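protein.txt, holding compact mmCIF, C-alpha atoms:
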```txt
# COMPACT_ATOMS: atom_id res chain seq x y z
CA MET A 30 128.91 -97.95 -78.10
CA ALA A 31 127.39 -96.10 -81.06
CA GLU A 32 123.72 -96.71 -81.63
CA LEU A 33 122.98 -99.02 -84.53
CA HIS A 34 120.87 -97.37 -87.26
CA PRO A 35 117.25 -98.63 -87.01
CA ARG A 36 117.33 -100.07 -90.55
CA LEU A 37 120.41 -102.15 -89.77
CA ALA A 38 118.91 -103.20 -86.44
CA SER A 39 115.71 -104.39 -88.10
CA ASP A 40 117.26 -106.05 -91.17
CA CYS A 41 120.23 -107.77 -89.53
CA ILE A 42 121.30 -110.16 -86.81
CA ILE A 43 124.26 -109.18 -84.63
CA LEU A 44 126.85 -111.96 -84.77
CA GLY A 45 129.63 -110.41 -82.71
CA ARG A 46 132.31 -107.79 -82.82
CA PHE A 47 135.85 -106.98 -83.77
CA PRO A 48 137.84 -104.32 -81.89
CA LEU A 49 136.34 -101.52 -84.02
CA SER A 50 133.26 -102.96 -85.69
CA ARG A 51 130.15 -104.93 -84.99
CA LEU A 52 129.60 -107.83 -87.35
CA LEU A 53 126.06 -108.19 -88.63
CA LEU A 54 124.41 -110.84 -90.76
CA MET A 55 121.80 -109.56 -93.19
CA ASN A 56 118.69 -111.65 -92.59
CA ASP A 57 118.51 -112.78 -96.20
CA SER A 58 119.48 -116.39 -96.86
CA ASN A 59 119.71 -115.81 -100.61
CA TYR A 60 123.35 -114.79 -100.07
CA PRO A 61 125.97 -115.03 -97.32
CA TRP A 62 125.80 -111.29 -96.59
CA PHE A 63 127.71 -109.75 -93.71
CA ILE A 64 128.10 -106.13 -92.65
CA LEU A 65 130.83 -104.44 -90.63
CA VAL A 66 129.66 -101.37 -88.71
CA PRO A 67 132.42 -99.30 -87.10
CA ASP A 68 131.51 -98.34 -83.55
CA ARG A 69 131.87 -94.59 -84.07
CA ASP A 70 129.23 -91.88 -83.76
CA ASN A 71 128.47 -89.49 -86.61
CA VAL A 72 130.60 -91.25 -89.22
CA GLY A 73 129.04 -91.88 -92.60
CA GLU A 74 132.09 -92.26 -94.83
CA ILE A 75 135.37 -94.14 -94.55
CA TYR A 76 137.44 -90.98 -94.98
CA GLN A 77 135.81 -89.53 -91.84
CA LEU A 78 137.45 -92.16 -89.65
CA GLU A 79 140.63 -91.32 -87.79
CA ASP A 80 143.73 -92.83 -89.41
CA THR A 81 144.02 -95.65 -86.86
CA ASP A 82 140.32 -96.50 -87.17
CA ARG A 83 140.54 -96.48 -90.96
CA LYS A 84 143.42 -98.93 -90.84
CA GLN A 85 141.58 -101.06 -88.28
CA LEU A 86 138.47 -101.17 -90.49
CA LEU A 87 140.56 -102.29 -93.47
CA ASP A 88 142.26 -104.96 -91.34
CA GLU A 89 138.89 -106.23 -90.08
CA SER A 90 137.46 -106.21 -93.59
CA CYS A 91 140.40 -108.16 -95.00
CA LEU A 92 140.31 -110.70 -92.17
CA LEU A 93 136.55 -111.15 -92.62
CA SER A 94 136.91 -111.36 -96.41
CA ARG A 95 139.51 -114.13 -96.29
CA TYR A 96 137.40 -116.05 -93.81
CA LEU A 97 134.16 -115.67 -95.80
CA MET A 98 135.69 -116.88 -99.05
CA ASP A 99 137.20 -119.91 -97.28
CA ALA A 100 134.14 -120.74 -95.16
CA PHE A 101 131.53 -120.19 -97.86
CA ASN A 102 133.59 -121.20 -100.91
CA GLY A 103 132.42 -118.25 -102.99
CA ASP A 104 133.17 -117.44 -106.59
CA LYS A 105 133.41 -113.68 -105.89
CA LEU A 106 133.22 -111.36 -102.90
CA ASN A 107 131.42 -108.04 -103.30
CA ILE A 108 132.42 -105.34 -100.81
CA ALA A 109 130.56 -102.04 -100.77
CA ALA A 110 129.97 -98.99 -98.59
CA LEU A 111 126.95 -97.40 -100.23
CA GLY A 112 125.02 -95.64 -97.48
CA ASN A 113 122.27 -94.34 -99.75
CA GLN A 114 119.53 -95.50 -97.37
CA VAL A 115 121.51 -95.86 -94.13
CA PRO A 116 123.79 -92.90 -93.35
CA GLN A 117 125.76 -94.78 -90.66
CA LEU A 118 129.03 -96.12 -92.07
CA HIS A 119 128.69 -99.81 -92.80
CA LEU A 120 130.63 -102.10 -95.11
CA HIS A 121 128.78 -104.90 -96.93
CA HIS A 122 130.61 -108.20 -97.58
CA ILE A 123 128.54 -110.40 -99.88
CA VAL A 124 129.70 -113.82 -100.98
CA ARG A 125 128.59 -114.39 -104.56
CA TYR A 126 128.21 -117.54 -106.62
CA HIS A 127 127.82 -117.97 -110.34
CA SER A 128 124.65 -119.86 -109.46
CA ASP A 129 123.08 -117.26 -107.13
CA LYS A 130 119.74 -115.68 -107.96
CA ALA A 131 121.18 -112.33 -109.02
CA TRP A 132 124.43 -113.36 -110.72
CA PRO A 133 126.12 -111.51 -112.37
CA THR A 134 124.24 -108.32 -111.50
CA PRO A 135 124.21 -106.52 -108.12
CA ILE A 136 121.93 -108.15 -105.55
CA TRP A 137 119.96 -105.06 -104.51
CA GLY A 138 116.31 -105.36 -105.48
CA LYS A 139 116.73 -108.53 -107.54
CA VAL A 140 114.77 -111.01 -105.40
CA ALA A 141 112.78 -110.82 -102.20
CA ALA A 142 114.73 -111.43 -99.01
CA GLN A 143 114.37 -114.91 -97.54
CA PRO A 144 114.86 -114.79 -93.76
CA TYR A 145 117.12 -117.44 -92.28
CA ARG A 146 115.53 -120.54 -90.81
CA ALA A 147 116.68 -121.38 -87.29
CA THR A 148 118.84 -124.28 -88.53
CA GLU A 149 120.58 -122.11 -91.14
CA LEU A 150 121.27 -119.39 -88.60
CA ALA A 151 122.63 -121.94 -86.13
CA GLU A 152 124.99 -123.23 -88.82
CA ILE A 153 126.37 -119.75 -89.52
CA LYS A 154 126.79 -119.03 -85.81
CA SER A 155 128.58 -122.35 -85.42
CA LYS A 156 130.98 -121.50 -88.26
CA PHE A 157 131.89 -118.21 -86.61
CA ALA A 158 132.16 -119.77 -83.16
CA ALA A 159 134.65 -122.31 -84.53
CA ALA A 160 136.58 -119.78 -86.59
CA GLU A 161 139.83 -118.49 -85.26
CA LEU A 162 139.34 -114.87 -86.30
CA VAL A 163 141.83 -112.66 -84.50
CA ASP A 164 140.12 -110.42 -81.94
CA PHE A 165 136.61 -111.47 -82.99
CA VAL A 166 134.16 -112.11 -80.17
CA ILE A 167 130.95 -113.90 -81.07
CA ARG A 168 127.78 -112.62 -79.46
CA ALA A 169 126.68 -115.09 -76.80
CA VAL A 170 122.96 -114.49 -77.23
CA VAL A 171 121.76 -113.62 -80.71
```

Rewrite the coordinates I just gave you, this time as structure tokens.
Amino acid sequence: MAELHPRLASDCIILGRFPLSRLLLMNDSNYPWFILVPDRDNVGEIYQLEDTDRKQLLDESCLLSRYLMDAFNGDKLNIAALGNQVPQLHLHHIVRYHSDKAWPTPIWGKVAAQPYRATELAEIKSKFAAAELVDFVIRAVV
């Protein structure tokens, strides 16, 4: 398993994994913000993935996207692979609402992160545990 970049490890909670990617939750309750991190060493850009991995990442992203919009009833889903501060390939999936604190602008740097309370985190874990996401395995101890 590829080592998780220290910034992702410190800012996120590992929820589980798909066949290719770990699924992280950004520890910021301002937004439902999830991150897919392909389990490949020395890959910083999508085009650097092998063809089969690139397709798998897209499949995982689409599956996650459909689920997030259904489960969190968002108005918009922002998906981005920026990597300006974290060189390890990771794909942000951020559920947006017309009423969120940063709407309609990008979320980065708008408001201070609000870590999840234990009850909020338990609710998100419960949603994923009950979801029937193909090939997703929730992390038993988070």

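Straight-line separation from atom CA of Gly103 of chain A to atom CA of Trp132 of chain A: 12.1 Å.
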
(message) I'd like to know which of A:Thr81, A:Gln143, A:Asn71, A:Gln117 is closest to Asp57 of chain A, using all atoms listed in the file.
(response) A:Gln143

(message) I'd like to know which of A:Pro144, A:Val163, A:Tyr60, A:Val124 is closest to Ala100 of chain A, using all atoms listed in the file.
(response) A:Val124

(message) Counting only C-alpha atoms, find residues at most 9 Å from (129.1, -103.7, -84.3) (file frame) and give them as a PyMOL selection string.
(response) chain A and resi 30-31+33+43-47+49-53+64-68

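Note that atom CA of Arg95 of chain A and atom CA of Gly112 of chain A are 23.5 Å apart.
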
Neighbours of Ala147 of chain A within 12 Å (only C-alpha atoms; same-chain residues fewer than 5 positions away dropped), as a JSON list (two decimals) with C-alpha atoms, in the coordinates of the input?
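Wrote part_32.json, looks like this:
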```
[["chain", "number", "residue", "atom", "x", "y", "z"],
["A", 56, "ASN", "CA", 118.69, -111.65, -92.59],
["A", 58, "SER", "CA", 119.48, -116.39, -96.86],
["A", 152, "GLU", "CA", 124.99, -123.23, -88.82],
["A", 153, "ILE", "CA", 126.37, -119.75, -89.52],
["A", 154, "LYS", "CA", 126.79, -119.03, -85.81],
["A", 171, "VAL", "CA", 121.76, -113.62, -80.71]]
```

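Interatomic distance, atom CA of Pro61 of chain A to atom CA of His121 of chain A: 10.5 Å.
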
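Among A:Met55, A:Leu92, A:Leu150, A:Ile167, the residue with the shortest atom-to-atom distance to Cys41 of chain A, counting all atoms listed in the file, is A:Met55.
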
(message) Given only C-alpha atoms as the basis, pick out the residue of A:Leu162, A:Val140, A:Leu106, A:Leu86 nearest to His119 of chain A.
(response) A:Leu86

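Using only C-alpha atoms for every distance, the candidate list A:Glu74, A:Asp164, A:Asp99, A:Glu32 yields A:Glu74 as the residue closest to Leu111 of chain A.
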
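Comparing A:Val166, A:Tyr96, A:Asn59, A:Val115 by their smallest distance to Arg146 of chain A, the closest is A:Asn59 (using all atoms listed in the file).
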